[in-house]
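**Student:** Have a look at this one.
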Amino acid sequence: MLYIGGEGIELKQKAVSLRQQGFTYKEIVSALDGAVSVDWCKKNLKGVTRVQKKDECLQELIALGV
C-alpha cells in the first residue's frame, strides 16, 4: 500500500496503538476499515508488543506480601 503525505504516518500510529491494546492483525484491519492489510500488519507491526498497565491494587498487594 502506498500512502501520500501524513496520512500513512497517522494510520501506522493508529495501528501501533491498536496492537499495543492487544488487537489481532485481522481486528486492526477491520478497525481501520481496510486501510491496511493483514500482510501490511505482519510486516510493520511484528515488533509491537502489548503494553501492560500496572494495577495499583495488585502492586500494593504484592508489596505487602513480600
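We name chains A, B, ... following the order of the C-alpha cells; residues begin at 1 in each chain, and ligands are numbered from 1 as shown.
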Near Lys42 in chain A, counting only C-alpha atoms, which residues have an atom at most 12 Å away, once you skip same-chain residues fewer than 5 positions from it, shown as a PyMOL selection string?
**Tutor:** chain A and resi 15-16+19+24-26+28-29+36-37+47-48
**Student:** Put those residues in a file: N, CA and C atoms, as a PDB file, in the first residue's frame.
**Tutor:**
```pdb
ATOM      1  N   ALA A  15      -2.510   1.978  14.023  1.00  0.00           N
ATOM      2  CA  ALA A  15      -2.310   0.529  14.004  1.00  0.00           C
ATOM      3  C   ALA A  15      -1.419   0.093  15.163  1.00  0.00           C
ATOM      4  N   VAL A  16      -0.360   0.832  15.416  1.00  0.00           N
ATOM      5  CA  VAL A  16       0.532   0.517  16.532  1.00  0.00           C
ATOM      6  C   VAL A  16      -0.231   0.598  17.854  1.00  0.00           C
ATOM      7  N   ARG A  19      -2.469  -2.383  18.236  1.00  0.00           N
ATOM      8  CA  ARG A  19      -1.683  -3.587  18.521  1.00  0.00           C
ATOM      9  C   ARG A  19      -1.245  -3.592  19.978  1.00  0.00           C
ATOM     10  N   THR A  24      -5.672  -8.149  17.325  1.00  0.00           N
ATOM     11  CA  THR A  24      -5.014  -9.020  16.346  1.00  0.00           C
ATOM     12  C   THR A  24      -4.868  -8.263  15.038  1.00  0.00           C
ATOM     13  N   TYR A  25      -4.064  -8.798  14.124  1.00  0.00           N
ATOM     14  CA  TYR A  25      -3.895  -8.147  12.823  1.00  0.00           C
ATOM     15  C   TYR A  25      -5.239  -8.026  12.100  1.00  0.00           C
ATOM     16  N   LYS A  26      -6.023  -9.058  12.159  1.00  0.00           N
ATOM     17  CA  LYS A  26      -7.339  -9.043  11.491  1.00  0.00           C
ATOM     18  C   LYS A  26      -8.246  -7.975  12.108  1.00  0.00           C
ATOM     19  N   ILE A  28      -7.237  -5.250  13.563  1.00  0.00           N
ATOM     20  CA  ILE A  28      -6.695  -3.947  13.181  1.00  0.00           C
ATOM     21  C   ILE A  28      -7.179  -3.564  11.794  1.00  0.00           C
ATOM     22  N   VAL A  29      -7.150  -4.517  10.865  1.00  0.00           N
ATOM     23  CA  VAL A  29      -7.639  -4.258   9.504  1.00  0.00           C
ATOM     24  C   VAL A  29      -9.094  -3.815   9.549  1.00  0.00           C
ATOM     25  N   VAL A  36      -5.385  -0.789   5.805  1.00  0.00           N
ATOM     26  CA  VAL A  36      -4.167  -1.587   5.789  1.00  0.00           C
ATOM     27  C   VAL A  36      -4.573  -3.041   5.624  1.00  0.00           C
ATOM     28  N   SER A  37      -3.647  -3.882   5.211  1.00  0.00           N
ATOM     29  CA  SER A  37      -3.930  -5.307   5.030  1.00  0.00           C
ATOM     30  C   SER A  37      -3.288  -6.109   6.157  1.00  0.00           C
ATOM     31  N   GLY A  47       7.109  -6.155  15.603  1.00  0.00           N
ATOM     32  CA  GLY A  47       7.856  -5.891  16.830  1.00  0.00           C
ATOM     33  C   GLY A  47       7.065  -5.198  17.917  1.00  0.00           C
ATOM     34  N   VAL A  48       5.798  -4.894  17.650  1.00  0.00           N
ATOM     35  CA  VAL A  48       4.974  -4.160  18.618  1.00  0.00           C
ATOM     36  C   VAL A  48       4.435  -5.139  19.660  1.00  0.00           C
TER      37      VAL A  48
END
```
**Student:** Report the distance between CA of Trp40 in chain A and CA of Gly22 in chain A in Å, rounded to one decimal place.
**Tutor:**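 Separation of CA of Trp40 in chain A and CA of Gly22 in chain A: 17.0 Å.
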**Student:** Take CA of Asp33 in chain A and CA of Thr49 in chain A and report the distance between them in Å, one decimal.
**Tutor:**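 Separation of CA of Asp33 in chain A and CA of Thr49 in chain A: 22.2 Å.
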**Student:** Tell me, in Å to one decimal, how far CA of Glu10 in chain A is from CA of Ala35 in chain A.
**Tutor:**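 Separating CA of Glu10 in chain A from CA of Ala35 in chain A is a distance of 11.3 Å.
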**Student:** Could you tell me which of A:Phe23, A:Leu58, A:Gly65, A:Leu32 comes closest to Leu45 in chain A if we count only C-alpha atoms?
**Tutor:**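 Looking only at the distances to Leu45 in chain A, the closest residue turns out to be A:Phe23.
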**Student:** If you run DSSP over the backbone, which residues in chain A end up alpha helix (DSSP H)? Put them as a count of residues only.
**Tutor:** 38
**Student:** Can you pull out every residue within 9 Å of Gln21 in chain A, counting only C-alpha atoms, but drop anything in the same chain fewer than 3 positions away, and send it as a PDB file with N, CA, C and O atoms, in the first residue's frame?
**Tutor:**
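Result saved to part.pdb:
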```
ATOM      1  N   VAL A  16      -0.360   0.832  15.416  1.00  0.00           N
ATOM      2  CA  VAL A  16       0.532   0.517  16.532  1.00  0.00           C
ATOM      3  C   VAL A  16      -0.231   0.598  17.854  1.00  0.00           C
ATOM      4  O   VAL A  16      -0.119  -0.287  18.706  1.00  0.00           O
ATOM      5  N   SER A  17      -1.029   1.636  18.015  1.00  0.00           N
ATOM      6  CA  SER A  17      -1.815   1.800  19.233  1.00  0.00           C
ATOM      7  C   SER A  17      -2.773   0.628  19.439  1.00  0.00           C
ATOM      8  O   SER A  17      -2.894   0.100  20.545  1.00  0.00           O
ATOM      9  N   LEU A  18      -3.449   0.223  18.379  1.00  0.00           N
ATOM     10  CA  LEU A  18      -4.375  -0.905  18.474  1.00  0.00           C
ATOM     11  C   LEU A  18      -3.638  -2.188  18.833  1.00  0.00           C
ATOM     12  O   LEU A  18      -4.108  -2.984  19.652  1.00  0.00           O
ATOM     13  N   THR A  49       4.646  -4.807  20.916  1.00  0.00           N
ATOM     14  CA  THR A  49       4.148  -5.667  21.989  1.00  0.00           C
ATOM     15  C   THR A  49       3.021  -4.981  22.739  1.00  0.00           C
ATOM     16  O   THR A  49       2.894  -3.758  22.713  1.00  0.00           O
ATOM     17  N   ARG A  50       2.255  -5.775  23.413  1.00  0.00           N
ATOM     18  CA  ARG A  50       1.133  -5.244  24.182  1.00  0.00           C
ATOM     19  C   ARG A  50       1.654  -4.497  25.403  1.00  0.00           C
ATOM     20  O   ARG A  50       2.538  -4.971  26.110  1.00  0.00           O
ATOM     21  N   VAL A  51       1.108  -3.325  25.636  1.00  0.00           N
ATOM     22  CA  VAL A  51       1.506  -2.523  26.788  1.00  0.00           C
ATOM     23  C   VAL A  51       0.762  -3.048  28.011  1.00  0.00           C
ATOM     24  O   VAL A  51      -0.456  -3.180  28.007  1.00  0.00           O
ATOM     25  N   GLN A  52       1.530  -3.346  29.042  1.00  0.00           N
ATOM     26  CA  GLN A  52       0.936  -3.843  30.277  1.00  0.00           C
ATOM     27  C   GLN A  52       0.709  -2.668  31.224  1.00  0.00           C
ATOM     28  O   GLN A  52       1.648  -1.961  31.574  1.00  0.00           O
TER      29      GLN A  52
END
```
